[in-house]
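Undergrad: Please read through the structure below; I'll follow up with questions.
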Amino acid sequence: MTHTSTVLITGGSGFAGTYLVEFLRSRPDLAVWTSDRTGPNPRLGEAAAARHIKLDLLDPAAARQVLAQVRPDYVYHLAGQAFVGQSWADPWGTLEINGRAQLNLLEAAVAEKLTPRFLAVGSMEEYGRVAPAELPIRETHPLRPDSPYGVSKVTQDMLGLQYFLARGLPVIRVRPFNHIGPRQSRKFVAPAFASQIAAIEAGKQPPVIQVGNLSARRDFTDVRDVVRAYVLALEHGTPGEVYNIGSGESHSIQSLLDRMLQLSSVSITVEIDPARLRPSDVPDVICDATRLRAATGWQPRVSLAQSLSDLLAFERTQVDSAAQATP
């Protein structure tokens with residue numbers, strides 16, 4: 001008889017969360033629970049809704065109640081404030097949401113005498129200011145966060161390490177680099193481009209696309225590859241260890257825009273929007289994921305071209321859906 005393990009995914013209605021739920025629900029050896037401050041994502045269907053818990057992780061008692069109810073074997077902690085730009089507008093809110101939510105979960109596990117394998121999701125933003133001579137970025141690179149969001153992710157990262165060292169919780173830490181794909185918030189660069197292109201094609205806005213800094217280079221990985229890396233890291237990684245997640249290649253924001261413009265059949269003018277420029281920006285980022293590959297065998301499977309094509313196709317459906325919903 002197959003043993004069924006119980007999984008709790010916080011932030012299961014978010015961008016990466018929905019893909020992770022879909023990926024894990026395909027496995028008969030897992031019972032998957034999700035939690036969010038809102039209701040279940042309709043995209044995940046009725047089966048997911050049956051195991052969804054509305055939860056404010058800033059409430060310590062609520063966090064403990066959920067862990068006592070679910071008693072998970074695995075915890076994927078994806079909930080949090082995910083936008084670098086928003087962290088400049090609300091530094092404390094970002095620190096509180098990202099730091100305290102994880103702290104409450106870890107404390108709840110200790111209080112309930114549970115020892116789930118716990119995935120603490122950091123970010124490449126922990127590395128902050130990186131000089132070209134320091135590339136590619138390894139896990140041993142100094143943490144020099146240059147945004148409030150980056151500081152909040154260092155907090156989560158170090159909390160995970162502390163609870164492994166001091167409490168014996170099997171916490172595995174990951175630092176994903178930029179991930180993209182369908183369903184991502186338009187606050188991020190690639191979906192911001194794709195949504196504008198789709199709106200222009202549908203005649204919903206003038207043929208002008210607003211952009212920020214196009215010269216910056218980033219290491220992009222498809223969200224479907226990222227969630228697969230999360231699963232492999234949590235199930236096969238070493239507790240207390242930290243793993244970078246990234247493709248090992250960098251691409252300029254300009255190249256992303258050019259590729260999507262090539263996929264469009266209309267002529268579009270590009271204009272710089274000062275409001276889209278960040279207070280700080282690192283010119284180039286390249287991930288070294290050697291440690292993750294050695295521990296799990298993970299390799300990206302979805303090409304950047306496929307990610308961008310899928311993203312643009314998704315944004316086109318969103319424009320079509322909005323048009324059909326308009327009386």
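Naming scheme: A, B, ... for chains in displayed order of the structure tokens; residues 1 onward per chain; ligands 1 onward as shown.
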Run DSSP on the backbone and tell me which residues of region 205-257 of chain A come out as strand (DSSP E); list them as a CSV table (one decimal) with N, CA and C atoms, in the first residue's frame.

TA:
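The result, stored in out-v2.csv:
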```
chain,number,residue,atom,x,y,z
A,208,VAL,N,2.0,52.0,-28.8
A,208,VAL,CA,3.1,52.5,-28.1
A,208,VAL,C,3.3,51.7,-26.8
A,209,ILE,N,4.5,51.1,-26.6
A,209,ILE,CA,4.7,50.3,-25.4
A,209,ILE,C,5.6,51.1,-24.4
A,210,GLN,N,5.3,51.1,-23.2
A,210,GLN,CA,6.0,51.9,-22.1
A,210,GLN,C,7.0,50.9,-21.5
A,211,VAL,N,8.3,51.3,-21.4
A,211,VAL,CA,9.3,50.4,-20.8
A,211,VAL,C,10.2,51.1,-19.8
A,217,ARG,N,20.6,43.0,-17.6
A,217,ARG,CA,20.6,41.6,-18.0
A,217,ARG,C,20.2,40.7,-16.8
A,218,ARG,N,19.3,39.7,-17.0
A,218,ARG,CA,18.9,38.9,-15.9
A,218,ARG,C,18.9,37.4,-16.3
A,221,THR,N,14.3,31.9,-15.8
A,221,THR,CA,13.9,30.5,-15.8
A,221,THR,C,12.4,30.4,-15.8
A,222,ASP,N,11.9,29.5,-16.6
A,222,ASP,CA,10.4,29.3,-16.7
A,222,ASP,C,9.9,28.9,-15.4
A,242,VAL,N,21.6,25.6,1.3
A,242,VAL,CA,20.9,26.6,0.4
A,242,VAL,C,21.3,26.3,-1.0
A,243,TYR,N,20.3,26.5,-1.9
A,243,TYR,CA,20.5,26.2,-3.4
A,243,TYR,C,20.0,27.3,-4.2
A,244,ASN,N,20.9,27.7,-5.1
A,244,ASN,CA,20.4,28.7,-6.2
A,244,ASN,C,19.6,28.0,-7.2
A,245,ILE,N,18.6,28.7,-7.8
A,245,ILE,CA,17.8,28.1,-8.9
A,245,ILE,C,17.9,29.1,-10.1
A,251,HIS,N,20.0,37.3,-20.1
A,251,HIS,CA,19.5,37.9,-21.3
A,251,HIS,C,19.1,39.4,-20.9
A,252,SER,N,19.3,40.3,-21.9
A,252,SER,CA,18.9,41.7,-21.6
A,252,SER,C,17.4,41.8,-21.7
```

Undergrad: Env of Ala68 (chain A): 9 Å cut, atoms = only C-alpha atoms, seq-sep filter 6 positions within chain, self excluded. Answer as a list in words.

TA: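 Skipping anything fewer than 6 positions along the chain leaves Ala108, Ala109, Glu112 and Leu114 of chain A.
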
Undergrad: Can you spit out the residues from that selection as a short mmCIF file (atom, residue, chain, number, x, y, z; two decimals), in the first residue's frame, using all heavy atoms?

TA:
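In the end it all went to selection.cif:
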```
data_model
loop_
_atom_site.label_atom_id
_atom_site.label_comp_id
_atom_site.auth_asym_id
_atom_site.auth_seq_id
_atom_site.Cartn_x
_atom_site.Cartn_y
_atom_site.Cartn_z
N ALA A 108 5.16 27.61 14.89
CA ALA A 108 4.02 26.69 14.98
C ALA A 108 4.48 25.25 14.88
O ALA A 108 3.99 24.37 15.60
CB ALA A 108 3.01 27.01 13.88
N ALA A 109 5.43 24.99 13.99
CA ALA A 109 5.96 23.62 13.86
C ALA A 109 6.62 23.17 15.15
O ALA A 109 6.41 22.04 15.61
CB ALA A 109 6.95 23.56 12.70
N GLU A 112 3.94 22.53 17.86
CA GLU A 112 3.16 21.31 17.61
C GLU A 112 4.03 20.06 17.56
O GLU A 112 3.53 18.97 17.28
CB GLU A 112 2.37 21.45 16.30
CG GLU A 112 1.24 22.46 16.36
CD GLU A 112 0.17 22.08 17.38
OE1 GLU A 112 -0.17 20.88 17.46
OE2 GLU A 112 -0.30 22.98 18.10
N LEU A 114 6.20 19.21 15.37
CA LEU A 114 6.23 18.69 14.00
C LEU A 114 7.60 18.96 13.39
O LEU A 114 8.25 19.97 13.71
CB LEU A 114 5.16 19.36 13.16
CG LEU A 114 3.69 19.18 13.61
CD1 LEU A 114 2.78 20.06 12.77
CD2 LEU A 114 3.29 17.72 13.49
#
```

Undergrad: Would you work out the distance separating CA of Pro207 (chain A) from CA of Ile268 (chain A), expressed in Å to one decimal?

TA: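 Between these atoms lies a distance of 4.9 Å.
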
Undergrad: May I have the residues within 12 Å of region 191-196 of chain A as a ChimeraX atom specification, using only C-alpha atoms and disregarding those fewer than 5 positions away in the same chain?

TA: /A:15,179-186,201-212,214,253-264,268-271,276,307-320

Undergrad: Can you list, as a PyMOL selection string, every protein, DNA or RNA residue that comes within 9 Å of Phe118 (chain A) when you count only C-alpha atoms, leaving out same-chain residues fewer than 4 positions away?

TA: chain A and resi 73-77+106+160+169-173+234+239

Undergrad: Write the residues you've just listed into a file as a CSV table (one decimal), in the first residue's frame, and include all heavy atoms for each of them.

TA:
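selection_8.csv, written as the output of this step:
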```
chain,number,residue,atom,x,y,z
A,73,ASP,N,3.8,16.8,6.1
A,73,ASP,CA,5.2,16.2,6.0
A,73,ASP,C,6.1,17.1,5.3
A,73,ASP,O,7.3,17.1,5.4
A,73,ASP,CB,5.1,14.8,5.3
A,73,ASP,CG,4.2,13.8,6.0
A,73,ASP,OD1,4.6,13.4,7.1
A,73,ASP,OD2,3.1,13.5,5.5
A,74,TYR,N,5.5,17.9,4.4
A,74,TYR,CA,6.2,18.9,3.6
A,74,TYR,C,5.5,20.3,3.7
A,74,TYR,O,4.3,20.3,3.5
A,74,TYR,CB,6.4,18.5,2.1
A,74,TYR,CG,7.1,17.2,1.9
A,74,TYR,CD1,6.3,16.0,1.8
A,74,TYR,CD2,8.4,17.1,1.8
A,74,TYR,CE1,7.0,14.8,1.6
A,74,TYR,CE2,9.1,15.9,1.5
A,74,TYR,CZ,8.4,14.8,1.4
A,74,TYR,OH,9.0,13.6,1.2
A,75,VAL,N,6.3,21.3,3.8
A,75,VAL,CA,5.8,22.7,3.7
A,75,VAL,C,6.5,23.5,2.7
A,75,VAL,O,7.7,23.6,2.7
A,75,VAL,CB,5.9,23.4,5.1
A,75,VAL,CG1,5.4,24.9,4.9
A,75,VAL,CG2,5.0,22.7,6.2
A,76,TYR,N,5.8,24.0,1.7
A,76,TYR,CA,6.3,24.9,0.7
A,76,TYR,C,5.8,26.3,1.0
A,76,TYR,O,4.7,26.6,0.8
A,76,TYR,CB,5.9,24.5,-0.7
A,76,TYR,CG,6.4,23.2,-1.2
A,76,TYR,CD1,5.7,22.0,-1.0
A,76,TYR,CD2,7.6,23.2,-2.0
A,76,TYR,CE1,6.2,20.8,-1.5
A,76,TYR,CE2,8.0,22.0,-2.5
A,76,TYR,CZ,7.4,20.8,-2.2
A,76,TYR,OH,7.8,19.6,-2.7
A,77,HIS,N,6.7,27.1,1.6
A,77,HIS,CA,6.3,28.4,2.0
A,77,HIS,C,6.5,29.5,0.9
A,77,HIS,O,7.6,30.0,0.8
A,77,HIS,CB,7.0,28.8,3.3
A,77,HIS,CG,6.6,30.2,3.8
A,77,HIS,ND1,5.3,30.6,3.8
A,77,HIS,CD2,7.4,31.2,4.2
A,77,HIS,CE1,5.3,31.9,4.3
A,77,HIS,NE2,6.5,32.3,4.5
A,106,LEU,N,7.3,28.6,11.4
A,106,LEU,CA,8.4,27.8,12.1
A,106,LEU,C,8.1,27.6,13.6
A,106,LEU,O,8.3,26.5,14.1
A,106,LEU,CB,9.7,28.5,11.9
A,106,LEU,CG,10.2,28.6,10.4
A,106,LEU,CD1,11.4,29.5,10.3
A,106,LEU,CD2,10.6,27.2,9.9
A,160,GLY,N,15.3,30.5,8.3
A,160,GLY,CA,15.3,29.0,8.0
A,160,GLY,C,16.6,28.4,8.5
A,160,GLY,O,16.5,27.3,9.1
A,169,LEU,N,14.9,21.7,12.8
A,169,LEU,CA,13.9,21.5,11.8
A,169,LEU,C,14.6,21.3,10.4
A,169,LEU,O,15.5,22.0,10.1
A,169,LEU,CB,13.0,22.8,11.7
A,169,LEU,CG,12.0,23.0,12.8
A,169,LEU,CD1,11.2,24.3,12.6
A,169,LEU,CD2,11.1,21.9,13.1
A,170,PRO,N,14.1,20.4,9.6
A,170,PRO,CA,14.7,20.1,8.3
A,170,PRO,C,14.3,21.1,7.3
A,170,PRO,O,13.5,20.9,6.4
A,170,PRO,CB,14.2,18.7,8.0
A,170,PRO,CG,12.9,18.6,8.7
A,170,PRO,CD,13.0,19.4,10.0
A,171,VAL,N,14.9,22.3,7.4
A,171,VAL,CA,14.7,23.4,6.5
A,171,VAL,C,15.6,23.4,5.3
A,171,VAL,O,16.9,23.3,5.5
A,171,VAL,CB,14.8,24.8,7.2
A,171,VAL,CG1,14.5,25.9,6.3
A,171,VAL,CG2,13.8,24.8,8.4
A,172,ILE,N,15.1,23.5,4.1
A,172,ILE,CA,15.9,23.6,2.9
A,172,ILE,C,15.7,25.0,2.4
A,172,ILE,O,14.5,25.4,2.2
A,172,ILE,CB,15.6,22.5,1.9
A,172,ILE,CG1,16.1,21.1,2.3
A,172,ILE,CG2,16.2,22.8,0.5
A,172,ILE,CD1,15.1,20.4,3.2
A,173,ARG,N,16.7,25.7,2.1
A,173,ARG,CA,16.6,27.1,1.6
A,173,ARG,C,16.9,27.1,0.1
A,173,ARG,O,17.8,26.5,-0.4
A,173,ARG,CB,17.6,28.0,2.4
A,173,ARG,CG,17.3,28.0,3.9
A,173,ARG,CD,18.3,28.7,4.6
A,173,ARG,NE,19.6,28.0,4.7
A,173,ARG,CZ,20.8,28.5,4.5
A,173,ARG,NH1,20.9,29.8,4.3
A,173,ARG,NH2,21.9,27.8,4.6
A,234,LEU,N,13.4,20.2,-2.1
A,234,LEU,CA,12.8,19.9,-0.8
A,234,LEU,C,12.8,18.4,-0.5
A,234,LEU,O,13.1,18.0,0.6
A,234,LEU,CB,11.3,20.4,-0.7
A,234,LEU,CG,10.6,20.2,0.7
A,234,LEU,CD1,11.4,21.0,1.7
A,234,LEU,CD2,9.2,20.7,0.6
A,239,PRO,N,19.0,19.2,4.5
A,239,PRO,CA,18.5,20.2,5.4
A,239,PRO,C,19.6,21.1,5.9
A,239,PRO,O,20.8,20.7,6.1
A,239,PRO,CB,18.0,19.3,6.6
A,239,PRO,CG,17.5,18.1,5.9
A,239,PRO,CD,18.6,17.8,4.9
```
